[in-house]
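Working notes, structure below.
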Amino acid sequence: MRTMPILAFLVALLLVASQSLYTVDQTKYAIKFQLGEIVDTKTEAGLYTKIPLLQNVRTYDRRILTLDNPEPDRMTTSEKKPLLVDFIVLWRITDVKQYYRSVRGDEEAARRRLGQTVRSILAEEFNKRDVHAAISTERDKITQTTREKANADARSIGVEIVDVRLRRVELPPDVTGPVYQRMESERRRVANELRSQGGAESEKIRADADRQRQVILADAYKQAQSLKGKGDARASAIYAEAYGVNPEFYDFYRSLDTYRSTFRGKGDVMVLDPDSDLFRYFRTPGGNAARDARAK
């Protein structure tokens, strides 16, 4: 019977000890409250103590959280053109005490606050740009500027904006058709202009090529005529030299060439005087020399 009080005391002691200890995970922040007031914050993982019944502990996620825009927002460009903008925000708690004091530790309240801030800044940035810049050329600049400005407001509630990303930026269906038609007309105009410029450049290149061709042909003809003249002069010199060495043989050789070219076809018919000078080597084997001898 004496052991029962001892066991009861030990059980009560264990219960009190279990209520006096708490652990903080490495993915969490912890705030210790005493009668509803913050008395301590824990940002490192470990085993800590508290006063049972008098103190309580609440934990908050220290990992990166996502704010997902449920519906695309309608924003206006500098041209007064509407755009549908869909975005997400990556954020995390950096000062858990300030976070609790600002939004009472309510994650949904923090999401609403961040969402309103990001929407307002995005609308301002899109309103500074035209459709082309907003959709394609300056998307990165828009997100960077939005993150920097939103982060300044986020620090006031103890959180940090890690990143802002535009998932979709497009024209609403009611204005897509006319805009695409204008874009198509503009692209067609540019294409026609480029085609015209290309045609003019082509004609210019073709005319220059024809001019160079004429110059090259003229130079080639000039060189050919020069070479031909030199060749004819050289041939005449060789003929004269050969004739001077043996005139009789030269005459005989030239007569053979004449016979070969004249009597080439078997069916050729020529009407000539038998005493024609063409047949002198047929009549007299010695040709001119034999004829001169008979004349003496």
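Chain labels A, B, ... are given in the sequence in which chains occur in the structure tokens; within each chain residues are numbered consecutively from 1, and ligands are likewise numbered from 1 in the order shown.
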
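The residues of stretch 57-91 of chain A that DSSP classifies as strand (DSSP E), using the backbone of this structure, are Val57, Arg58, Thr59, Tyr60, Asp61, Leu65, Thr66, Leu67, Asp68, Asp73, Arg74, Met75, Thr76, Pro82, Leu83, Leu84, Val85, Asp86, Phe87, Ile88, Val89, Leu90 and Trp91 of chain A.
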
Spatial neighbours of A:Val96, 10 Å, only C-alpha atoms, chain gap at least 5 places, as a JSON list (two decimals) with C-alpha atoms, in the first residue's frame:
[["chain", "number", "residue", "atom", "x", "y", "z"],
["A", 28, "LYS", "CA", 10.47, 24.98, -37.97],
["A", 29, "TYR", "CA", 10.61, 28.15, -35.89],
["A", 30, "ALA", "CA", 9.15, 28.09, -32.37],
["A", 31, "ILE", "CA", 7.61, 30.80, -30.20],
["A", 41, "THR", "CA", 11.68, 32.43, -29.82],
["A", 42, "LYS", "CA", 13.70, 29.49, -31.04],
["A", 43, "THR", "CA", 15.28, 29.49, -34.50],
["A", 59, "THR", "CA", 5.77, 26.35, -34.38],
["A", 60, "TYR", "CA", 5.94, 27.90, -37.86],
["A", 61, "ASP", "CA", 7.41, 26.59, -41.09],
["A", 62, "ARG", "CA", 10.79, 28.08, -42.02],
["A", 101, "ARG", "CA", 2.90, 40.28, -34.22],
["A", 102, "SER", "CA", 1.93, 41.41, -37.75],
["A", 105, "GLY", "CA", 0.99, 33.84, -37.17],
["A", 157, "ILE", "CA", 5.60, 41.48, -41.45],
["A", 158, "GLY", "CA", 8.74, 39.42, -40.90],
["A", 159, "VAL", "CA", 8.87, 37.56, -44.23]]

Point-to-point distance from atom CA of A:Ser261 to atom CA of A:Ala233, Å rounded to tenths: 23.9 Å

Alpha helix (DSSP H) positions in stretch 3-137 of chain A, given as a VMD selection string: chain A and resid 3 to 20 96 to 103 107 to 126 131 to 132

Selection near A:Lys141, 12 Å with only C-alpha atoms, sequence-local residues under 3 positions removed, as a ChimeraX atom specification: /A:122,125-126,128-129,133-138,144-148,164-166

Can you pull out every residue within 12 Å of stretch 70-85 of chain A, counting only C-alpha atoms, but drop anything in the same chain fewer than 2 positions away, and send it as number ranges by chain? A: 66-68, 87-89, 111-112, 115-116, 118-135, 139, 142-143, 165-176, 178-179

Write the residues of the selection above to a file with N, CA and C atoms, as a compact mmCIF listing (two decimals), in the first residue's frame.
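File written: selection_37.txt
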# COMPACT_ATOMS: atom_id res chain seq x y z
N THR A 66 4.73 28.80 -50.99
CA THR A 66 4.26 29.23 -52.31
C THR A 66 2.92 29.93 -52.20
N LEU A 67 2.87 31.11 -52.84
CA LEU A 67 1.61 31.83 -52.98
C LEU A 67 1.17 31.66 -54.43
N ASP A 68 0.12 30.90 -54.64
CA ASP A 68 -0.36 30.57 -55.98
C ASP A 68 -1.61 31.39 -56.27
N PHE A 87 0.49 34.65 -61.87
CA PHE A 87 1.80 34.68 -61.22
C PHE A 87 1.81 33.78 -59.99
N ILE A 88 3.02 33.47 -59.55
CA ILE A 88 3.22 32.79 -58.27
C ILE A 88 4.31 33.54 -57.51
N VAL A 89 4.26 33.44 -56.17
CA VAL A 89 5.23 34.10 -55.31
C VAL A 89 5.83 33.06 -54.38
N ARG A 111 -0.54 35.39 -46.73
CA ARG A 111 -0.71 35.19 -48.18
C ARG A 111 -1.55 36.32 -48.79
N ARG A 112 -2.63 36.67 -48.09
CA ARG A 112 -3.48 37.76 -48.61
C ARG A 112 -2.71 39.07 -48.68
N GLY A 115 -0.18 38.82 -51.51
CA GLY A 115 -0.87 38.80 -52.81
C GLY A 115 -1.32 40.19 -53.22
N GLN A 116 -1.88 40.95 -52.28
CA GLN A 116 -2.33 42.31 -52.58
C GLN A 116 -1.15 43.20 -52.97
N VAL A 118 1.83 42.26 -54.24
CA VAL A 118 2.40 41.87 -55.53
C VAL A 118 1.48 42.28 -56.68
N ARG A 119 0.17 42.13 -56.51
CA ARG A 119 -0.77 42.54 -57.56
C ARG A 119 -0.67 44.04 -57.84
N SER A 120 -0.60 44.81 -56.78
CA SER A 120 -0.52 46.26 -56.95
C SER A 120 0.75 46.67 -57.69
N ILE A 121 1.87 46.06 -57.34
CA ILE A 121 3.15 46.42 -57.99
C ILE A 121 3.18 45.94 -59.43
N LEU A 122 2.68 44.73 -59.67
CA LEU A 122 2.63 44.22 -61.04
C LEU A 122 1.76 45.11 -61.92
N ALA A 123 0.61 45.52 -61.42
CA ALA A 123 -0.27 46.40 -62.20
C ALA A 123 0.44 47.70 -62.54
N GLU A 124 1.20 48.22 -61.60
CA GLU A 124 1.94 49.46 -61.83
C GLU A 124 3.02 49.26 -62.90
N GLU A 125 3.74 48.13 -62.83
CA GLU A 125 4.80 47.86 -63.80
C GLU A 125 4.24 47.61 -65.20
N PHE A 126 3.14 46.88 -65.31
CA PHE A 126 2.55 46.64 -66.63
C PHE A 126 2.01 47.93 -67.22
N ASN A 127 1.53 48.82 -66.39
CA ASN A 127 0.98 50.07 -66.87
C ASN A 127 2.05 51.00 -67.44
N LYS A 128 3.32 50.71 -67.16
CA LYS A 128 4.43 51.51 -67.69
C LYS A 128 4.90 51.03 -69.06
N ARG A 129 4.42 49.87 -69.52
CA ARG A 129 4.97 49.25 -70.71
C ARG A 129 3.88 48.96 -71.74
N ASP A 130 4.33 48.83 -73.00
CA ASP A 130 3.39 48.45 -74.05
C ASP A 130 3.23 46.93 -74.08
N VAL A 131 2.37 46.44 -74.95
CA VAL A 131 2.06 45.01 -74.99
C VAL A 131 3.29 44.19 -75.32
N HIS A 132 4.06 44.63 -76.32
CA HIS A 132 5.23 43.85 -76.75
C HIS A 132 6.24 43.71 -75.62
N ALA A 133 6.53 44.82 -74.93
CA ALA A 133 7.49 44.76 -73.83
C ALA A 133 6.96 43.92 -72.68
N ALA A 134 5.68 44.06 -72.37
CA ALA A 134 5.10 43.33 -71.24
C ALA A 134 5.08 41.83 -71.49
N ILE A 135 4.83 41.43 -72.73
CA ILE A 135 4.69 39.99 -73.03
C ILE A 135 6.03 39.32 -73.26
N ARG A 139 9.85 40.93 -69.47
CA ARG A 139 9.22 40.12 -68.42
C ARG A 139 10.15 39.94 -67.23
N ILE A 142 10.30 43.08 -65.19
CA ILE A 142 9.07 43.27 -64.42
C ILE A 142 9.10 42.45 -63.13
N THR A 143 9.46 41.17 -63.25
CA THR A 143 9.48 40.30 -62.07
C THR A 143 10.55 40.73 -61.08
N ARG A 165 7.31 34.99 -60.11
CA ARG A 165 7.36 34.42 -61.45
C ARG A 165 6.03 34.62 -62.17
N LEU A 166 6.15 34.99 -63.44
CA LEU A 166 4.96 35.14 -64.29
C LEU A 166 4.75 33.83 -65.05
N ARG A 167 3.70 33.13 -64.71
CA ARG A 167 3.42 31.86 -65.40
C ARG A 167 2.76 32.07 -66.74
N ARG A 168 1.95 33.13 -66.84
CA ARG A 168 1.22 33.37 -68.08
C ARG A 168 0.90 34.84 -68.20
N VAL A 169 1.21 35.40 -69.35
CA VAL A 169 0.84 36.78 -69.69
C VAL A 169 0.28 36.74 -71.10
N GLU A 170 -0.99 36.99 -71.26
CA GLU A 170 -1.60 36.89 -72.57
C GLU A 170 -2.77 37.86 -72.70
N LEU A 171 -3.19 38.06 -73.93
CA LEU A 171 -4.32 38.94 -74.20
C LEU A 171 -5.63 38.21 -73.88
N PRO A 172 -6.62 38.92 -73.41
CA PRO A 172 -7.94 38.29 -73.20
C PRO A 172 -8.53 37.84 -74.53
N PRO A 173 -9.41 36.86 -74.51
CA PRO A 173 -9.99 36.36 -75.76
C PRO A 173 -10.72 37.42 -76.58
N ASP A 174 -11.31 38.44 -75.89
CA ASP A 174 -12.09 39.44 -76.62
C ASP A 174 -11.24 40.41 -77.43
N VAL A 175 -9.91 40.46 -77.14
CA VAL A 175 -9.05 41.37 -77.90
C VAL A 175 -7.96 40.63 -78.67
N THR A 176 -7.89 39.33 -78.50
CA THR A 176 -6.83 38.57 -79.17
C THR A 176 -6.94 38.65 -80.68
N PRO A 178 -8.43 40.91 -82.95
CA PRO A 178 -7.99 42.15 -83.59
C PRO A 178 -6.50 42.42 -83.46
N VAL A 179 -5.93 42.10 -82.30
CA VAL A 179 -4.49 42.33 -82.12
C VAL A 179 -3.67 41.45 -83.04

Report as a list in words all protein, DNA and RNA residues lying within 8 Å of A:Arg92, evaluated on only C-alpha atoms, omitting residues in the same chain fewer than 4 positions from it. Arg62, Arg63, Ile64, Leu65, Val159, Glu160, Ile161 and Val162 of chain A

Pick out the closest residue to A:Ser20 from this set: A:Val57, A:Ala235, A:Ile51, A:Ala240. Count only C-alpha atoms. A:Ile51
